[in-house]
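coords.json follows; it contains JSON, C-alpha atoms.
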[["chain", "number", "residue", "atom", "x", "y", "z"],
["A", 513, "MET", "CA", 0.00, 0.00, 0.00],
["A", 514, "ARG", "CA", 2.82, 2.37, 0.96],
["A", 515, "LYS", "CA", 4.74, 1.54, -2.25],
["A", 516, "GLY", "CA", 1.66, 2.29, -4.35],
["A", 517, "PHE", "CA", 1.21, 5.66, -2.65],
["A", 518, "ILE", "CA", 4.87, 6.59, -3.32],
["A", 519, "ASN", "CA", 4.48, 5.66, -7.00],
["A", 520, "ILE", "CA", 1.36, 7.82, -7.31],
["A", 521, "LEU", "CA", 3.09, 10.75, -5.59],
["A", 522, "PHE", "CA", 6.12, 10.39, -7.87],
["A", 523, "PHE", "CA", 3.86, 10.39, -10.93],
["A", 524, "ILE", "CA", 2.09, 13.55, -9.74],
["A", 525, "LEU", "CA", 5.44, 15.32, -9.23],
["A", 526, "ILE", "CA", 6.47, 14.41, -12.78],
["A", 527, "LEU", "CA", 3.21, 15.87, -14.13],
["A", 528, "ILE", "CA", 3.72, 19.11, -12.18],
["A", 529, "ALA", "CA", 7.31, 19.45, -13.44],
["A", 530, "ALA", "CA", 6.21, 18.89, -17.03],
["A", 531, "PHE", "CA", 3.42, 21.46, -16.63],
["A", 532, "TYR", "CA", 5.80, 24.21, -15.41],
["A", 533, "LEU", "CA", 8.32, 23.35, -18.10],
["A", 534, "PHE", "CA", 5.93, 24.42, -20.84],
["A", 535, "ILE", "CA", 4.50, 27.52, -19.14],
["A", 536, "PRO", "CA", 5.83, 30.55, -21.12],
["A", 537, "LYS", "CA", 7.70, 33.21, -19.19],
["A", 538, "PRO", "CA", 6.16, 36.72, -19.35],
["A", 539, "GLY", "CA", 8.02, 39.04, -21.75],
["A", 540, "ASP", "CA", 10.08, 36.22, -23.25],
["A", 541, "THR", "CA", 7.71, 34.20, -25.37],
["A", 542, "SER", "CA", 7.56, 32.98, -28.92],
["A", 543, "SER", "CA", 4.85, 31.02, -30.68],
["A", 544, "VAL", "CA", 3.77, 29.68, -34.04],
["A", 545, "ARG", "CA", 0.09, 29.20, -34.76],
["A", 546, "ASP", "CA", -1.94, 28.36, -37.82],
["A", 547, "ASN", "CA", -4.49, 30.71, -39.32],
["A", 548, "ILE", "CA", -6.74, 29.58, -42.16],
["A", 549, "SER", "CA", -6.98, 32.97, -43.86],
["A", 550, "ARG", "CA", -3.43, 34.27, -43.25],
["A", 551, "GLY", "CA", -1.31, 31.12, -43.06],
["A", 552, "ILE", "CA", 1.23, 30.59, -40.29],
["A", 553, "ILE", "CA", 1.53, 33.56, -37.93],
["A", 554, "LEU", "CA", 4.82, 34.05, -36.07],
["A", 555, "THR", "CA", 4.65, 35.94, -32.79],
["A", 556, "SER", "CA", 7.59, 36.96, -30.63],
["A", 557, "THR", "CA", 8.60, 39.53, -28.02],
["A", 558, "SER", "CA", 12.31, 38.80, -28.45],
["A", 559, "ARG", "CA", 14.61, 41.71, -29.33],
["A", 560, "VAL", "CA", 17.82, 41.75, -31.34],
["A", 561, "LYS", "CA", 20.21, 44.38, -32.67],
["A", 562, "LYS", "CA", 20.55, 44.67, -36.44],
["A", 563, "VAL", "CA", 22.35, 46.85, -38.98],
["A", 564, "GLU", "CA", 21.30, 48.14, -42.39],
["A", 565, "CYS", "CA", 24.45, 49.34, -44.15],
["A", 566, "ILE", "CA", 25.41, 51.45, -47.13],
["A", 567, "GLU", "CA", 28.90, 50.51, -48.29],
["A", 568, "ALA", "CA", 31.40, 53.03, -49.61],
["A", 569, "ILE", "CA", 30.49, 52.40, -53.24],
["A", 570, "GLY", "CA", 26.87, 53.30, -52.43],
["A", 571, "ILE", "CA", 27.70, 56.52, -50.59],
["A", 572, "GLN", "CA", 27.11, 59.61, -52.73],
["A", 573, "LEU", "CA", 29.41, 62.63, -53.07],
["A", 574, "PRO", "CA", 27.97, 66.17, -53.11],
["A", 575, "SER", "CA", 28.94, 68.80, -55.68],
["A", 576, "ALA", "CA", 30.42, 71.07, -53.00],
["A", 577, "ASN", "CA", 33.45, 69.88, -50.99],
["A", 578, "PRO", "CA", 33.09, 66.22, -51.96],
["A", 579, "ALA", "CA", 35.14, 63.45, -50.42],
["A", 580, "ALA", "CA", 36.60, 60.96, -52.91],
["A", 581, "LEU", "CA", 35.75, 57.34, -53.70],
["A", 582, "VAL", "CA", 39.04, 55.44, -53.74],
["A", 583, "GLU", "CA", 40.28, 51.90, -54.09],
["A", 584, "TYR", "CA", 41.29, 50.62, -50.67],
["A", 585, "GLY", "CA", 42.82, 47.18, -50.22],
["A", 586, "LEU", "CA", 40.50, 44.66, -51.85],
["A", 587, "GLY", "CA", 37.54, 47.04, -51.61],
["A", 588, "ALA", "CA", 36.60, 50.69, -51.73],
["A", 589, "ALA", "CA", 36.48, 53.59, -49.28],
["A", 590, "VAL", "CA", 35.33, 57.18, -49.18],
["A", 591, "GLU", "CA", 38.43, 59.25, -48.46],
["A", 592, "PHE", "CA", 38.33, 62.49, -46.47],
["A", 593, "SER", "CA", 41.41, 64.69, -46.72],
["A", 594, "ASP", "CA", 42.90, 66.94, -44.05],
["A", 595, "ALA", "CA", 42.96, 69.93, -46.39],
["A", 596, "THR", "CA", 39.24, 70.66, -46.89],
["A", 597, "ILE", "CA", 35.88, 70.09, -45.21],
["A", 598, "ASP", "CA", 35.09, 66.94, -47.19],
["A", 599, "SER", "CA", 31.49, 65.69, -47.30],
["A", 600, "SER", "CA", 29.48, 62.63, -48.31],
["A", 601, "LEU", "CA", 25.77, 61.82, -48.56],
["A", 602, "VAL", "CA", 23.89, 58.74, -47.33],
["A", 603, "ARG", "CA", 20.30, 57.57, -47.76],
["A", 604, "ILE", "CA", 19.16, 54.49, -45.83],
["A", 605, "ARG", "CA", 15.76, 52.79, -46.21],
["A", 606, "ILE", "CA", 14.19, 52.12, -42.81],
["A", 607, "PRO", "CA", 13.79, 48.34, -42.28],
["A", 608, "LYS", "CA", 10.26, 47.03, -41.72],
["A", 609, "ASP", "CA", 11.26, 45.15, -38.56],
["A", 610, "ILE", "CA", 12.55, 48.22, -36.68],
["A", 611, "ASP", "CA", 11.28, 48.82, -33.15],
["A", 612, "SER", "CA", 10.16, 52.46, -33.28],
["A", 613, "SER", "CA", 10.20, 52.75, -29.48],
["A", 614, "VAL", "CA", 14.02, 52.59, -29.51],
["A", 615, "GLN", "CA", 15.94, 55.40, -31.22],
["A", 616, "PRO", "CA", 18.53, 53.95, -33.63],
["A", 617, "LYS", "CA", 22.16, 54.97, -34.14],
["A", 618, "LEU", "CA", 24.24, 55.79, -37.17],
["A", 619, "GLN", "CA", 27.30, 53.54, -37.15],
["A", 620, "LEU", "CA", 30.42, 54.64, -39.04],
["A", 621, "GLU", "CA", 33.19, 52.18, -39.93],
["A", 622, "TRP", "CA", 36.41, 54.03, -40.71],
["A", 623, "SER", "CA", 40.19, 54.13, -40.33],
["A", 624, "CYS", "CA", 43.12, 56.52, -40.34],
["A", 625, "PRO", "CA", 46.74, 55.77, -41.31],
["A", 626, "THR", "CA", 47.95, 57.61, -38.20],
["A", 627, "ALA", "CA", 48.04, 55.34, -35.14],
["A", 628, "ASP", "CA", 47.43, 56.48, -31.57],
["A", 629, "PRO", "CA", 49.00, 53.85, -29.26],
["A", 630, "THR", "CA", 48.77, 56.15, -26.22],
["A", 631, "GLY", "CA", 45.04, 56.81, -26.62],
["A", 632, "ASP", "CA", 42.91, 59.98, -26.86],
["A", 633, "VAL", "CA", 45.59, 62.06, -28.58],
["A", 634, "VAL", "CA", 44.84, 61.69, -32.29],
["A", 635, "ASN", "CA", 41.19, 62.41, -33.02],
["A", 636, "VAL", "CA", 38.96, 62.81, -36.06],
["A", 637, "ARG", "CA", 36.06, 65.26, -35.84],
["A", 638, "TRP", "CA", 32.95, 63.89, -37.53],
["A", 639, "GLU", "CA", 29.89, 66.07, -38.18],
["A", 640, "VAL", "CA", 26.62, 64.38, -39.15],
["A", 641, "THR", "CA", 23.53, 66.31, -40.23],
["A", 642, "TYR", "CA", 20.47, 64.09, -40.63],
["A", 643, "THR", "CA", 16.74, 64.11, -41.18],
["A", 644, "TRP", "CA", 13.96, 61.52, -41.38],
["A", 645, "LEU", "CA", 11.60, 61.31, -44.34],
["A", 646, "ALA", "CA", 8.04, 59.98, -44.25],
["A", 647, "ALA", "CA", 5.42, 59.64, -46.98],
["A", 648, "ASP", "CA", 4.12, 62.98, -48.32],
["A", 649, "GLU", "CA", 6.97, 64.94, -46.74],
["A", 650, "THR", "CA", 9.22, 67.17, -48.86],
["A", 651, "SER", "CA", 12.04, 65.00, -50.13],
["A", 652, "ASP", "CA", 14.68, 67.65, -50.92],
["A", 653, "VAL", "CA", 15.21, 69.06, -47.42],
["A", 654, "THR", "CA", 18.79, 70.33, -46.92],
["A", 655, "THR", "CA", 18.67, 70.97, -43.17],
["A", 656, "GLY", "CA", 18.33, 68.72, -40.15],
["A", 657, "THR", "CA", 19.73, 67.80, -36.77],
["A", 658, "THR", "CA", 23.52, 68.13, -36.52],
["A", 659, "VAL", "CA", 25.66, 65.98, -34.24],
["A", 660, "THR", "CA", 29.39, 66.72, -33.94],
["A", 661, "GLY", "CA", 31.96, 64.70, -32.00],
["A", 662, "ASN", "CA", 35.65, 63.91, -31.72],
["A", 663, "TYR", "CA", 36.56, 60.25, -32.08],
["A", 664, "ASN", "CA", 39.89, 58.62, -31.31],
["A", 665, "VAL", "CA", 41.69, 56.78, -34.10],
["A", 666, "SER", "CA", 42.84, 53.18, -33.65],
["A", 667, "SER", "CA", 45.98, 52.26, -31.74],
["A", 668, "THR", "CA", 46.98, 50.47, -34.96],
["A", 669, "ALA", "CA", 47.86, 52.30, -38.16],
["A", 670, "LYS", "CA", 44.86, 51.98, -40.52],
["A", 671, "GLY", "CA", 43.05, 50.06, -37.77],
["A", 672, "LEU", "CA", 39.27, 49.75, -38.06],
["A", 673, "VAL", "CA", 37.24, 52.10, -35.83],
["A", 674, "GLU", "CA", 33.52, 51.63, -35.18],
["A", 675, "THR", "CA", 31.76, 54.83, -34.13],
["A", 676, "ASP", "CA", 28.11, 54.93, -32.97],
["A", 677, "ILE", "CA", 26.28, 58.25, -33.27],
["A", 678, "GLN", "CA", 22.99, 58.42, -31.37],
["A", 679, "LEU", "CA", 20.05, 59.60, -33.48],
["A", 680, "ALA", "CA", 16.78, 61.15, -32.30],
["A", 681, "GLY", "CA", 13.34, 62.04, -33.63],
["A", 682, "PHE", "CA", 12.59, 58.77, -35.43],
["A", 683, "VAL", "CA", 8.91, 57.73, -35.55],
["A", 684, "SER", "CA", 7.23, 54.63, -36.94],
["A", 685, "SER", "CA", 5.93, 56.46, -40.05],
["A", 686, "ASP", "CA", 9.44, 57.41, -41.25],
["A", 687, "ASN", "CA", 10.64, 55.66, -44.41],
["A", 688, "PHE", "CA", 14.17, 57.01, -44.94],
["A", 689, "LEU", "CA", 17.15, 58.38, -43.08],
["A", 690, "TYR", "CA", 19.02, 61.11, -44.99],
["A", 691, "ALA", "CA", 22.45, 62.05, -43.65],
["A", 692, "LYS", "CA", 25.37, 64.26, -44.62],
["A", 693, "ILE", "CA", 28.65, 63.00, -43.18],
["A", 694, "VAL", "CA", 31.45, 65.55, -42.95],
["A", 695, "ARG", "CA", 34.98, 65.44, -41.64],
["A", 696, "ARG", "CA", 35.68, 68.79, -39.96],
["A", 697, "ALA", "CA", 39.39, 68.83, -40.72],
["A", 698, "ASP", "CA", 39.30, 72.61, -40.19],
["A", 699, "ALA", "CA", 38.43, 72.25, -36.49],
["A", 700, "THR", "CA", 41.11, 72.34, -33.80],
["A", 701, "PRO", "CA", 39.89, 69.06, -32.17],
["A", 702, "ASP", "CA", 40.66, 67.18, -35.41],
["A", 703, "THR", "CA", 44.26, 66.25, -34.59],
["A", 704, "ALA", "CA", 44.83, 63.68, -37.34],
["A", 705, "ASN", "CA", 47.06, 66.27, -38.97],
["A", 706, "SER", "CA", 48.16, 65.72, -42.58],
["A", 707, "ALA", "CA", 46.32, 62.38, -42.58],
["A", 708, "VAL", "CA", 43.37, 61.18, -44.62],
["A", 709, "VAL", "CA", 40.42, 59.31, -43.11],
["A", 710, "ASN", "CA", 38.76, 56.41, -44.95],
["A", 711, "LEU", "CA", 35.07, 55.63, -44.45],
["A", 712, "PHE", "CA", 34.10, 52.06, -45.39],
["A", 713, "ASP", "CA", 30.38, 52.15, -44.71],
["A", 714, "SER", "CA", 27.63, 53.82, -42.72],
["A", 715, "CYS", "CA", 24.93, 51.74, -41.05],
["A", 716, "LEU", "CA", 21.58, 52.19, -39.39],
["A", 717, "TYR", "CA", 22.17, 50.34, -36.09],
["A", 718, "TYR", "CA", 18.71, 49.53, -34.76],
["A", 719, "THR", "CA", 16.61, 47.33, -32.49],
["A", 720, "ALA", "CA", 14.22, 44.79, -34.03],
["A", 721, "ASN", "CA", 11.43, 43.16, -32.04],
["A", 722, "LYS", "CA", 9.44, 41.35, -34.70],
["A", 723, "LEU", "CA", 9.86, 39.40, -37.91],
["A", 724, "GLY", "CA", 8.56, 42.10, -40.23],
["A", 725, "GLU", "CA", 5.82, 44.64, -40.79],
["A", 726, "SER", "CA", 2.68, 44.00, -38.74],
["A", 727, "LEU", "CA", -0.33, 42.72, -40.70]]
Show the structure stored in the file as structure tokens.
Amino acid sequence: MRKGFINILFFILILIAAFYLFIPKPGDTSSVRDNISRGIILTSTSRVKKVECIEAIGIQLPSANPAALVEYGLGAAVEFSDATIDSSLVRIRIPKDIDSSVQPKLQLEWSCPTADPTGDVVNVRWEVTYTWLAADETSDVTTGTTVTGNYNVSSTAKGLVETDIQLAGFVSSDNFLYAKIVRRADATPDTANSAVVNLFDSCLYYTANKLGESL
């Protein structure tokens, strides 16, 4: 009789453990369910970081004070000199899976032939002017929000540097990010003297929380 009771209790404990194993945790759930009219529907509250990049060959050069598209290693780069205020233009399509509650960043991938092994001595001054574009908004706007900062070069000559520039003002109805990227070689904080700077790409660094545009 006692052995039978123990077996029953053990079986009940197994059922309880199996039940809690499949209970979804709040805020961390994913599911797949079938829908006759819309097919399989994927639902998730998981978040990931993603990038949408424009490589050097896709970066445009303005008519005034343009940077230069150059061959660099086995690829290409946009080269900014130390002699003028060189500029470049970027247009990035906003991904459908972006989480509009989190402001994205503009990520620049660049290098400089001057190394800074001691740290925080050789800096490049980047100036980014950007605006968001939504449907039915004027598409030829030439003004926007300007962010300027001084960024340390790599401790290795021509070493890759990844710079994140925080953006603001993005809303879910926006379709494009327009940006003008300028090296302010004329500014005193730009201490990469007599050295060029090579930009490899510019990326929209954003948070995604779904698999695509909501239906």
Per residue of range 656-687 of chain A within 10 Å of range 714-721 of chain A, record the nearest atom pair and its distance in Å to one decimal, counting all atoms listed in the file, with rows in chain order and ascending residue number, as JSON lines.
{"residue": "A:Glu674", "atom": "CA", "partner": "A:Ser714", "partner_atom": "CA", "distance": 9.8}
{"residue": "A:Thr675", "atom": "CA", "partner": "A:Ser714", "partner_atom": "CA", "distance": 9.6}
{"residue": "A:Asp676", "atom": "CA", "partner": "A:Tyr717", "partner_atom": "CA", "distance": 8.1}
{"residue": "A:Ile677", "atom": "CA", "partner": "A:Tyr717", "partner_atom": "CA", "distance": 9.3}
{"residue": "A:Gln678", "atom": "CA", "partner": "A:Tyr717", "partner_atom": "CA", "distance": 9.4}
{"residue": "A:Leu679", "atom": "CA", "partner": "A:Leu716", "partner_atom": "CA", "distance": 9.6}
Writing out the chosen residues with C-alpha atoms as a compact mmCIF listing (two decimals), in the coordinates of the input:
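Now in out-v4.txt:
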# COMPACT_ATOMS: atom_id res chain seq x y z
CA GLU A 674 33.52 51.63 -35.18
CA THR A 675 31.76 54.83 -34.13
CA ASP A 676 28.11 54.93 -32.97
CA ILE A 677 26.28 58.25 -33.27
CA GLN A 678 22.99 58.42 -31.37
CA LEU A 679 20.05 59.60 -33.48
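Residue neighbourhood of Val683 in chain A, excluding near-sequence residues (fewer than 2 positions): Ile606, Ile610, Asp611, Ser612, Ser613, Val614, Gln615, Pro616, Thr643, Trp644, Leu645, Ala646, Leu679, Ala680, Gly681, Ser685, Asp686, Asn687, Phe688 and Leu689 of chain A, at 12 Å, using only C-alpha atoms.
Residue nearest Ile693 in chain A, chosen from A:Glu591, A:Glu649, A:Asp609, A:Glu639 and counting all atoms listed in the file: A:Glu639.
Counting all atoms listed in the file and comparing A:Val673, A:Tyr690, A:Leu618, A:Ala627, the residue that lies closest to Arg603 in chain A is A:Tyr690.
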Residue neighbourhood Leu581 in chain A, 12 Å, all atoms listed in the file, exclusion window fewer than 4 positions, as a VMD selection string
chain A and resid 567 to 574 587 to 593 598 to 600 709 to 713
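Among the candidates A:Thr596, A:Ser623, A:Thr641, A:Thr668, the one nearest to Ala580 in chain A when counting all atoms listed in the file is A:Thr596.
For the pair CA of Gln619 in chain A and CA of Asp648 in chain A, the interatomic distance is 27.4 Å.
CA of Pro625 in chain A sits 18.4 Å away from CA of Asp698 in chain A.
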Need to verify the contact set: range 660-667 of chain A, 8 Å, only C-alpha atoms, exclusion of same-chain residues closer than 3 positions in sequence. Can you return it as a VMD selection string?
chain A and resid 623 to 624 626 to 640 670 to 673 675 701 to 702
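Across the structure, CA of Leu601 in chain A and CA of Ala691 in chain A are spaced 5.9 Å apart.
Proximity ranking of A:Ala697, A:Ala669, A:Ala576, A:Val659 relative to Trp622 in chain A places A:Ala669 first, based on only C-alpha atoms.
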Please supply range 674-704 of chain A, rebuilt with N, CA and C atoms, as a compact mmCIF listing (two decimals), in the frame of the given file.
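Result file is rebuild.txt:
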# COMPACT_ATOMS: atom_id res chain seq x y z
N GLU A 674 34.97 51.68 -35.08
CA GLU A 674 33.52 51.63 -35.18
C GLU A 674 32.94 52.71 -34.27
N THR A 675 32.29 53.69 -34.87
CA THR A 675 31.76 54.83 -34.13
C THR A 675 30.23 54.83 -34.19
N ASP A 676 29.58 54.88 -33.05
CA ASP A 676 28.11 54.93 -32.97
C ASP A 676 27.67 56.35 -32.64
N ILE A 677 26.81 56.90 -33.48
CA ILE A 677 26.28 58.25 -33.27
C ILE A 677 24.79 58.13 -32.98
N GLN A 678 24.39 58.55 -31.78
CA GLN A 678 22.99 58.42 -31.37
C GLN A 678 22.11 59.36 -32.18
N LEU A 679 21.02 58.81 -32.72
CA LEU A 679 20.05 59.60 -33.48
C LEU A 679 18.81 59.85 -32.63
N ALA A 680 18.00 60.81 -33.04
CA ALA A 680 16.78 61.15 -32.30
C ALA A 680 15.69 61.55 -33.30
N GLY A 681 14.45 61.54 -32.81
CA GLY A 681 13.34 62.04 -33.63
C GLY A 681 12.72 61.03 -34.58
N PHE A 682 13.18 59.77 -34.55
CA PHE A 682 12.59 58.77 -35.43
C PHE A 682 11.22 58.35 -34.93
N VAL A 683 10.25 58.23 -35.87
CA VAL A 683 8.91 57.73 -35.55
C VAL A 683 8.56 56.62 -36.53
N SER A 684 7.56 55.84 -36.18
CA SER A 684 7.23 54.63 -36.94
C SER A 684 6.82 54.92 -38.38
N SER A 685 6.37 56.13 -38.69
CA SER A 685 5.93 56.46 -40.05
C SER A 685 7.08 56.85 -40.97
N ASP A 686 8.29 57.00 -40.43
CA ASP A 686 9.44 57.41 -41.25
C ASP A 686 9.88 56.27 -42.17
N ASN A 687 10.23 56.64 -43.40
CA ASN A 687 10.64 55.66 -44.41
C ASN A 687 12.13 55.69 -44.73
N PHE A 688 12.77 56.87 -44.57
CA PHE A 688 14.17 57.01 -44.94
C PHE A 688 14.93 57.82 -43.89
N LEU A 689 16.22 57.53 -43.81
CA LEU A 689 17.15 58.38 -43.08
C LEU A 689 18.07 59.03 -44.12
N TYR A 690 18.10 60.36 -44.14
CA TYR A 690 19.02 61.11 -44.99
C TYR A 690 20.11 61.67 -44.09
N ALA A 691 21.37 61.54 -44.49
CA ALA A 691 22.45 62.05 -43.65
C ALA A 691 23.58 62.62 -44.51
N LYS A 692 24.17 63.69 -44.02
CA LYS A 692 25.37 64.26 -44.62
C LYS A 692 26.50 64.05 -43.63
N ILE A 693 27.54 63.34 -44.05
CA ILE A 693 28.65 63.00 -43.18
C ILE A 693 29.86 63.84 -43.60
N VAL A 694 30.38 64.61 -42.66
CA VAL A 694 31.45 65.55 -42.95
C VAL A 694 32.61 65.34 -41.98
N ARG A 695 33.81 65.38 -42.51
CA ARG A 695 34.98 65.44 -41.64
C ARG A 695 35.36 66.91 -41.48
N ARG A 696 35.34 67.39 -40.23
CA ARG A 696 35.68 68.79 -39.96
C ARG A 696 37.18 68.91 -39.71
N ALA A 697 37.93 68.75 -40.81
CA ALA A 697 39.39 68.83 -40.72
C ALA A 697 39.86 70.24 -40.34
N ASP A 698 38.96 71.23 -40.50
CA ASP A 698 39.30 72.61 -40.19
C ASP A 698 39.25 72.91 -38.70
N ALA A 699 38.63 72.01 -37.92
CA ALA A 699 38.43 72.25 -36.49
C ALA A 699 39.66 71.85 -35.69
N THR A 700 39.95 72.61 -34.66
CA THR A 700 41.11 72.34 -33.80
C THR A 700 41.08 70.94 -33.19
N PRO A 701 39.91 70.41 -32.77
CA PRO A 701 39.89 69.06 -32.17
C PRO A 701 40.28 67.94 -33.13
N ASP A 702 40.23 68.20 -34.46
CA ASP A 702 40.66 67.18 -35.41
C ASP A 702 42.19 67.21 -35.45
N THR A 703 42.80 66.26 -34.76
CA THR A 703 44.26 66.25 -34.59
C THR A 703 44.95 65.18 -35.44
N ALA A 704 44.21 64.61 -36.40
CA ALA A 704 44.83 63.68 -37.34
C ALA A 704 45.48 64.51 -38.46
